[in-house]
Structure formats: structure tokens, C-alpha cells
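Okay, upload_32.cif now, which holds mmCIF, C-alpha atoms:
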data_upload
#
loop_
_atom_site.label_atom_id
_atom_site.label_comp_id
_atom_site.auth_asym_id
_atom_site.auth_seq_id
_atom_site.Cartn_x
_atom_site.Cartn_y
_atom_site.Cartn_z
CA ALA A 162 54.36 87.79 76.64
CA GLY A 163 51.92 90.57 75.90
CA PHE A 164 48.88 88.92 77.53
CA GLU A 165 47.04 90.12 80.60
CA ASP A 166 44.94 88.00 82.94
CA VAL A 167 41.32 89.05 82.68
CA ALA A 168 40.28 87.20 85.82
CA ASP A 169 41.47 84.49 88.18
CA TYR A 170 39.40 81.32 87.95
CA SER A 171 41.67 79.11 90.07
CA HIS A 172 38.92 78.89 92.72
CA LEU A 173 36.99 76.65 90.31
CA MET A 174 39.53 73.88 90.93
CA ASP A 175 38.98 73.82 94.70
CA HIS A 176 35.49 72.35 94.48
CA PRO A 177 34.43 72.13 90.82
CA SER A 178 30.72 72.31 90.21
CA TYR A 179 28.70 72.70 87.06
CA ASN A 180 27.08 76.11 87.67
CA PRO A 181 30.29 78.18 88.14
CA ALA A 182 31.87 76.40 85.15
CA ALA A 183 28.76 77.13 83.06
CA GLU A 184 28.95 80.81 84.09
CA VAL A 185 32.58 81.04 82.96
CA ALA A 186 31.71 79.29 79.69
CA ALA A 187 28.80 81.70 79.17
CA GLN A 188 31.13 84.68 79.81
CA LEU A 189 33.62 83.31 77.28
CA MET A 190 30.86 82.76 74.72
CA GLN A 191 29.54 86.31 75.27
CA SER A 192 33.04 87.78 74.89
CA TYR A 193 33.49 85.77 71.71
CA GLU A 194 30.11 86.88 70.37
CA ASP A 195 30.91 90.54 71.20
CA GLY A 196 34.22 90.27 69.33
CA GLU A 197 36.36 90.89 72.44
CA ILE A 198 38.12 87.57 71.86
CA ASP A 199 38.52 85.62 68.65
CA HIS A 200 39.75 82.24 69.88
CA VAL A 201 39.64 80.19 73.09
CA GLU A 202 41.82 77.14 73.72
CA LEU A 203 41.43 74.69 76.60
CA ILE A 204 44.70 73.24 77.85
CA TYR A 205 44.37 70.70 80.62
CA HIS A 206 45.56 67.29 81.75
CA HIS A 207 43.29 64.50 80.59
CA PHE A 208 43.04 61.65 83.10
CA LYS A 209 43.86 58.45 81.25
CA SER A 210 44.84 56.25 84.21
CA THR A 211 46.34 56.66 87.65
CA ALA A 212 49.83 56.57 86.19
CA THR A 213 49.07 58.47 82.98
CA GLN A 214 47.75 61.98 82.47
CA VAL A 215 47.88 63.41 78.97
CA LEU A 216 48.33 67.13 78.34
CA THR A 217 45.42 68.00 76.06
CA GLN A 218 44.72 71.08 73.97
CA GLU A 219 41.25 71.60 72.51
CA THR A 220 39.62 74.49 70.70
CA PHE A 221 36.75 75.77 72.83
CA LEU A 222 35.72 78.62 70.56
CA PRO A 223 34.99 78.93 67.70
CA PHE A 224 32.80 75.88 68.03
CA VAL A 225 33.01 73.67 64.97
CA LEU A 226 30.56 70.91 64.28
CA VAL A 227 32.35 67.90 62.85
CA GLN A 228 30.19 65.68 60.72
CA GLU A 229 31.56 62.17 60.59
CA GLU A 230 31.27 60.33 57.32
CA ALA A 231 28.79 57.51 57.38
CA ASP A 232 30.28 54.04 57.44
CA LYS A 233 30.43 52.93 53.81
CA THR A 234 30.02 49.26 54.74
CA LYS A 235 26.54 49.82 56.11
CA ALA A 236 24.05 49.63 53.32
CA GLY A 237 20.78 50.94 54.62
CA PRO A 238 18.17 53.56 53.92
CA ALA A 239 19.10 57.18 54.44
CA LEU A 240 17.42 58.38 57.61
CA ASP A 241 15.33 61.49 57.29
CA TYR A 242 14.34 62.78 60.73
CA ILE A 243 11.73 65.40 61.44
CA ILE A 244 13.18 67.63 64.13
CA GLU A 245 10.93 69.64 66.42
CA PRO A 246 11.72 72.50 66.93
CA ASP A 247 13.73 73.23 63.80
CA VAL A 248 17.43 72.35 63.57
CA GLU A 249 18.58 75.94 64.07
CA THR A 250 16.63 76.41 67.32
CA LEU A 251 17.77 73.04 68.57
CA MET A 252 21.43 73.86 67.85
CA LEU A 253 21.13 77.29 69.49
CA ASN A 254 20.04 75.50 72.67
CA LEU A 255 22.35 72.50 72.52
CA ILE A 256 25.65 74.15 71.58
CA PRO A 257 25.85 76.38 74.68
CA LYS A 258 25.02 73.39 76.89
CA ALA A 259 27.67 71.32 75.15
CA LEU A 260 30.24 74.08 75.71
CA HIS A 261 29.26 74.42 79.38
CA LEU A 262 29.70 70.69 79.78
CA LYS A 263 33.01 70.72 77.87
CA LEU A 264 34.52 73.26 80.28
CA TYR A 265 33.14 71.44 83.32
CA THR A 266 34.52 68.13 82.01
CA ALA A 267 37.95 69.72 81.50
CA LEU A 268 37.88 70.94 85.13
CA LEU A 269 36.97 67.49 86.43
CA ASP A 270 39.57 65.84 84.21
CA SER A 271 42.27 68.20 85.50
CA LEU A 272 41.27 67.60 89.11
CA ALA A 273 41.27 63.82 88.67
CA SER A 274 44.70 64.04 87.01
CA GLU A 275 46.05 66.18 89.84
CA HIS A 276 44.79 63.75 92.48
CA ALA A 277 46.21 60.78 90.57
CA ALA A 278 49.60 62.48 90.29
CA ARG A 279 49.55 63.19 94.03
CA VAL A 280 48.66 59.59 94.83
CA VAL A 281 51.52 58.31 92.66
CA ALA A 282 53.95 60.82 94.21
CA MET A 283 52.86 59.83 97.72
CA GLN A 284 53.23 56.13 96.89
CA VAL A 285 56.74 56.72 95.54
CA ALA A 286 57.65 58.74 98.65
CA THR A 287 56.29 55.97 100.90
CA ASP A 288 58.25 53.32 99.00
CA ASN A 289 61.42 55.43 99.26
CA ALA A 290 60.88 55.94 103.00
CA ASP A 291 60.35 52.18 103.47
CA ASP A 292 63.59 51.45 101.58
CA LEU A 293 65.47 54.03 103.65
CA LEU A 294 64.04 52.58 106.88
CA HIS A 295 65.11 49.09 105.83
CA ASP A 296 68.65 50.28 104.97
CA LEU A 297 68.98 52.19 108.25
CA THR A 298 67.69 49.23 110.28
CA LEU A 299 70.23 46.97 108.57
CA GLN A 300 73.03 49.47 109.24
CA TYR A 301 71.98 49.83 112.90
CA ASN A 302 71.88 46.04 113.40
CA LYS A 303 75.35 45.65 111.85
CA SER A 304 76.76 48.41 114.09
CA ARG A 305 75.16 46.85 117.16
CA GLN A 306 76.50 43.42 116.19
CA GLN A 307 80.03 44.85 115.76
CA ALA A 308 79.83 46.53 119.18
CA ILE A 309 78.71 43.27 120.84
CA THR A 310 81.47 41.32 119.08
CA ALA A 311 84.09 43.87 120.18
CA GLU A 312 82.81 43.72 123.77
CA LEU A 313 82.91 39.91 123.78
CA LEU A 314 86.47 39.98 122.44
CA ASP A 315 87.46 42.38 125.22
CA ILE A 316 85.87 40.05 127.84
CA VAL A 317 87.51 36.95 126.37
CA GLY A 318 90.88 38.75 126.04
CA GLY A 319 90.71 39.96 129.67
CA ALA A 320 89.85 36.46 130.96
CA GLN A 321 92.91 34.94 129.24
CA GLN A 322 95.39 37.30 130.91
#

As C-alpha cells, how would this structure be written, given the file I've shared?
Amino acid sequence: AGFEDVADYSHLMDHPSYNPAAEVAAQLMQSYEDGEIDHVELIYHHFKSTATQVLTQETFLPFVLVQEEADKTKAGPALDYIIEPDVETLMLNLIPKALHLKLYTALLDSLASEHAARVVAMQVATDNADDLLHDLTLQYNKSRQQAITAELLDIVGGAQQ
């Protein structure tokens, strides 16, 4: 609906590895920084368990640092760390790495979810095939038993005449 695909990244799902995911993340960050895009959302299936995959939507860009409030029950001294290099330099190095890892994690999560869904589907198909085989075997044995009974009745009826 008014959107064009810029590129096809489906090959990343075949054999996900960190470097190609990091390259895509870097391209997205560069496009965001250049103003070509103003928002990036990740939508993927989060692997919760073999039977449960949760559709997840996360904002990839703009990156927002969330500062959690300190636990009010802990009464202790406020920690004042000296950070080398300065906080700004550290964040400029860590945020891109965190975004690279976030995209790579989403790829792995999606792949694990896909494999889990396939395993469940294959197990259900196997169970259905086993049930069908059991029903057909039962039906075959009943038909065979009826044929034998009819043949015995014909033999017994012919011997009495």
C-alpha cells in the first residue's frame, strides 16, 4: 500500500550469521542518519517454546535508551562510576553493536520459531497418519473377517445339502 521494497534480505534466513545481519543493521542506521528513513520496526516471531511462538514488534530505530528506576527498597549509597572513555564515546560505540545484535537476535529467534512450528506440524501429521493407519488396518481386518465368515458359511451350507 504505497511502499516499495528497497532490497530482498530473505537470504539472511537461510543461514543466519552475525556479519551479514550487522551489515544490514549498519545500512539501516546509515539510512536513518541520512534522513532517508525516519522509523524502523522489527516484526518477527519470538521463540517462547516449541509449541509457542509470539509475534513481536519492536522499534529498531530511533534507538531509545530506557532508564529503569532504581528499586526503592534498596537503601544504599548512590554509585558514581568513572567511565573511561567518556560516556558519549562509549555510547557511540555500544549502541551500534547493540543494534547489530538486536537484528541478529531477531533473525535467530525467527528461525528457531520457524523450525519449532515445522516440528510441531510434522508431529501432528505423523500422529494423523498413525491414526489413519490404525483405522485402515481395523477396517481391513473387519473386511477380511467378514469374507472368511461368508466363505465358511458357504462351505457349511454346501456340506449340509

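With atom CA of Asp270 of chain A on one side and atom CA of His206 of chain A on the other, the separation reads 6.6 Å.
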
From A:Val201, A:Tyr170, A:Gln214, A:Pro177, residue lying nearest Arg279 of chain A [only C-alpha atoms]
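Going through A:Val201, A:Tyr170, A:Gln214, A:Pro177 one by one, the smallest distance to Arg279 of chain A is for A:Gln214.
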
One-decimal distance in Å that lies between atom CA of Lys209 of chain A and atom CA of Glu184 of chain A:
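Computing the Euclidean distance for atom CA of Glu184 of chain A and atom CA of Lys209 of chain A yields 27.0 Å.
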
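Shortest separation to Leu260 of chain A among A:Ile309, A:Met174, A:Leu226, A:Ala273 occurs at residue A:Leu226, atoms counted being all atoms listed in the file.
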
Find, counting only C-alpha atoms, the residue in A:Glu312, A:Asp166, A:Asp175, A:Asp247 that gets nearest to Ser271 of chain A.
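For Ser271 of chain A, the nearest of the given residues is A:Asp175.
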
Which residues would end up in the selection if the PyMOL selection byres ((chain A and resi 262) around 12) were applied here, given that I need the answer as a list of chain:residue names?
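Checking the PyMOL selection byres ((chain A and resi 262) around 12) against this file, the residues are A:Ser178, A:Tyr179, A:Asn180, A:Pro181, A:Ala182, A:Ala183, A:Glu184, A:Val185, A:Ala186, A:Ala187, A:Phe221, A:Leu255, A:Ile256, A:Pro257, A:Lys258, A:Ala259, A:Leu260, A:His261, A:Lys263, A:Leu264, A:Tyr265, A:Thr266, A:Ala267, A:Leu268, A:Leu269, A:Asp270.
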
Within 8 Å of Leu216 of chain A, counting all atoms listed in the file, which residues qualify if same-chain residues fewer than 5 places away don't, as a VMD selection string?
chain A and resid 204 to 207

Just the selected residues (C-alpha atoms), exported as a PDB file, in the frame of the given file, please.
ATOM      1  CA  ILE A 204      44.700  73.240  77.850  1.00  0.00           C
ATOM      2  CA  TYR A 205      44.370  70.700  80.620  1.00  0.00           C
ATOM      3  CA  HIS A 206      45.560  67.290  81.750  1.00  0.00           C
ATOM      4  CA  HIS A 207      43.290  64.500  80.590  1.00  0.00           C
TER       5      HIS A 207
END

What does the structure give for the distance between atom CA of Ser210 of chain A and atom CA of Glu275 of chain A, in Å to one decimal?
11.5 Å

Can you take the partial segment 202-213 of chain A, add all heavy atoms, and return it as a PDB file, in the frame of the given file?
ATOM      1  N   GLU A 202      41.244  78.484  73.668  1.00  0.00           N
ATOM      2  CA  GLU A 202      41.820  77.140  73.720  1.00  0.00           C
ATOM      3  C   GLU A 202      41.738  76.619  75.150  1.00  0.00           C
ATOM      4  O   GLU A 202      42.025  77.352  76.095  1.00  0.00           O
ATOM      5  CB  GLU A 202      43.293  77.152  73.299  1.00  0.00           C
ATOM      6  CG  GLU A 202      43.529  77.407  71.842  1.00  0.00           C
ATOM      7  CD  GLU A 202      43.228  76.205  70.959  1.00  0.00           C
ATOM      8  OE1 GLU A 202      43.446  75.060  71.389  1.00  0.00           O
ATOM      9  OE2 GLU A 202      42.762  76.416  69.833  1.00  0.00           O
ATOM     10  N   LEU A 203      41.369  75.371  75.298  1.00  0.00           N
ATOM     11  CA  LEU A 203      41.430  74.690  76.600  1.00  0.00           C
ATOM     12  C   LEU A 203      42.695  73.854  76.630  1.00  0.00           C
ATOM     13  O   LEU A 203      42.928  73.045  75.732  1.00  0.00           O
ATOM     14  CB  LEU A 203      40.223  73.763  76.789  1.00  0.00           C
ATOM     15  CG  LEU A 203      38.858  74.386  76.961  1.00  0.00           C
ATOM     16  CD1 LEU A 203      37.804  73.293  77.116  1.00  0.00           C
ATOM     17  CD2 LEU A 203      38.838  75.305  78.153  1.00  0.00           C
ATOM     18  N   ILE A 204      43.502  74.048  77.649  1.00  0.00           N
ATOM     19  CA  ILE A 204      44.700  73.240  77.850  1.00  0.00           C
ATOM     20  C   ILE A 204      44.598  72.657  79.249  1.00  0.00           C
ATOM     21  O   ILE A 204      44.523  73.403  80.236  1.00  0.00           O
ATOM     22  CB  ILE A 204      45.985  74.082  77.692  1.00  0.00           C
ATOM     23  CG1 ILE A 204      46.031  74.697  76.304  1.00  0.00           C
ATOM     24  CG2 ILE A 204      47.212  73.220  77.952  1.00  0.00           C
ATOM     25  CD1 ILE A 204      47.155  75.690  76.102  1.00  0.00           C
ATOM     26  N   TYR A 205      44.550  71.357  79.329  1.00  0.00           N
ATOM     27  CA  TYR A 205      44.370  70.700  80.620  1.00  0.00           C
ATOM     28  C   TYR A 205      44.968  69.295  80.551  1.00  0.00           C
ATOM     29  O   TYR A 205      45.316  68.807  79.485  1.00  0.00           O
ATOM     30  CB  TYR A 205      42.890  70.629  80.998  1.00  0.00           C
ATOM     31  CG  TYR A 205      42.045  69.830  80.030  1.00  0.00           C
ATOM     32  CD1 TYR A 205      41.742  68.499  80.284  1.00  0.00           C
ATOM     33  CD2 TYR A 205      41.568  70.396  78.852  1.00  0.00           C
ATOM     34  CE1 TYR A 205      40.983  67.759  79.387  1.00  0.00           C
ATOM     35  CE2 TYR A 205      40.808  69.670  77.959  1.00  0.00           C
ATOM     36  CZ  TYR A 205      40.516  68.356  78.239  1.00  0.00           C
ATOM     37  OH  TYR A 205      39.775  67.624  77.348  1.00  0.00           O
ATOM     38  N   HIS A 206      45.084  68.672  81.705  1.00  0.00           N
ATOM     39  CA  HIS A 206      45.560  67.290  81.750  1.00  0.00           C
ATOM     40  C   HIS A 206      44.358  66.363  81.717  1.00  0.00           C
ATOM     41  O   HIS A 206      43.484  66.451  82.571  1.00  0.00           O
ATOM     42  CB  HIS A 206      46.383  67.039  83.025  1.00  0.00           C
ATOM     43  CG  HIS A 206      47.767  67.558  82.921  1.00  0.00           C
ATOM     44  ND1 HIS A 206      48.144  68.773  83.435  1.00  0.00           N
ATOM     45  CD2 HIS A 206      48.870  67.037  82.346  1.00  0.00           C
ATOM     46  CE1 HIS A 206      49.416  68.977  83.186  1.00  0.00           C
ATOM     47  NE2 HIS A 206      49.889  67.949  82.526  1.00  0.00           N
ATOM     48  N   HIS A 207      44.354  65.489  80.726  1.00  0.00           N
ATOM     49  CA  HIS A 207      43.290  64.500  80.590  1.00  0.00           C
ATOM     50  C   HIS A 207      43.683  63.265  81.403  1.00  0.00           C
ATOM     51  O   HIS A 207      44.770  62.729  81.258  1.00  0.00           O
ATOM     52  CB  HIS A 207      43.089  64.132  79.123  1.00  0.00           C
ATOM     53  CG  HIS A 207      42.185  62.957  78.918  1.00  0.00           C
ATOM     54  ND1 HIS A 207      40.846  63.008  79.225  1.00  0.00           N
ATOM     55  CD2 HIS A 207      42.428  61.708  78.473  1.00  0.00           C
ATOM     56  CE1 HIS A 207      40.301  61.823  78.954  1.00  0.00           C
ATOM     57  NE2 HIS A 207      41.239  61.028  78.496  1.00  0.00           N
ATOM     58  N   PHE A 208      42.791  62.823  82.278  1.00  0.00           N
ATOM     59  CA  PHE A 208      43.040  61.650  83.100  1.00  0.00           C
ATOM     60  C   PHE A 208      42.835  60.398  82.247  1.00  0.00           C
ATOM     61  O   PHE A 208      41.729  60.117  81.809  1.00  0.00           O
ATOM     62  CB  PHE A 208      42.086  61.623  84.290  1.00  0.00           C
ATOM     63  CG  PHE A 208      42.222  60.403  85.143  1.00  0.00           C
ATOM     64  CD1 PHE A 208      43.238  60.309  86.070  1.00  0.00           C
ATOM     65  CD2 PHE A 208      41.342  59.352  85.017  1.00  0.00           C
ATOM     66  CE1 PHE A 208      43.374  59.193  86.865  1.00  0.00           C
ATOM     67  CE2 PHE A 208      41.466  58.220  85.799  1.00  0.00           C
ATOM     68  CZ  PHE A 208      42.483  58.143  86.723  1.00  0.00           C
ATOM     69  N   LYS A 209      43.938  59.690  82.001  1.00  0.00           N
ATOM     70  CA  LYS A 209      43.860  58.450  81.250  1.00  0.00           C
ATOM     71  C   LYS A 209      43.858  57.256  82.191  1.00  0.00           C
ATOM     72  O   LYS A 209      43.053  56.349  82.060  1.00  0.00           O
ATOM     73  CB  LYS A 209      45.035  58.364  80.274  1.00  0.00           C
ATOM     74  CG  LYS A 209      44.937  57.252  79.275  1.00  0.00           C
ATOM     75  CD  LYS A 209      46.039  57.369  78.238  1.00  0.00           C
ATOM     76  CE  LYS A 209      45.914  56.251  77.212  1.00  0.00           C
ATOM     77  NZ  LYS A 209      46.942  56.342  76.190  1.00  0.00           N
ATOM     78  N   SER A 210      44.778  57.265  83.159  1.00  0.00           N
ATOM     79  CA  SER A 210      44.840  56.250  84.210  1.00  0.00           C
ATOM     80  C   SER A 210      45.570  56.865  85.379  1.00  0.00           C
ATOM     81  O   SER A 210      46.072  57.984  85.291  1.00  0.00           O
ATOM     82  CB  SER A 210      45.559  54.997  83.712  1.00  0.00           C
ATOM     83  OG  SER A 210      46.940  55.269  83.539  1.00  0.00           O
ATOM     84  N   THR A 211      45.669  56.132  86.474  1.00  0.00           N
ATOM     85  CA  THR A 211      46.340  56.660  87.650  1.00  0.00           C
ATOM     86  C   THR A 211      47.773  57.054  87.344  1.00  0.00           C
ATOM     87  O   THR A 211      48.282  58.047  87.849  1.00  0.00           O
ATOM     88  CB  THR A 211      46.306  55.630  88.794  1.00  0.00           C
ATOM     89  OG1 THR A 211      44.948  55.263  89.033  1.00  0.00           O
ATOM     90  CG2 THR A 211      46.893  56.197  90.060  1.00  0.00           C
ATOM     91  N   ALA A 212      48.426  56.302  86.509  1.00  0.00           N
ATOM     92  CA  ALA A 212      49.830  56.570  86.190  1.00  0.00           C
ATOM     93  C   ALA A 212      50.002  57.467  84.969  1.00  0.00           C
ATOM     94  O   ALA A 212      51.103  57.925  84.703  1.00  0.00           O
ATOM     95  CB  ALA A 212      50.561  55.254  85.960  1.00  0.00           C
ATOM     96  N   THR A 213      48.938  57.735  84.239  1.00  0.00           N
ATOM     97  CA  THR A 213      49.070  58.470  82.980  1.00  0.00           C
ATOM     98  C   THR A 213      48.057  59.605  82.904  1.00  0.00           C
ATOM     99  O   THR A 213      46.853  59.374  82.975  1.00  0.00           O
ATOM    100  CB  THR A 213      48.859  57.538  81.776  1.00  0.00           C
ATOM    101  OG1 THR A 213      49.718  56.420  81.902  1.00  0.00           O
ATOM    102  CG2 THR A 213      49.142  58.253  80.481  1.00  0.00           C
TER     103      THR A 213
END
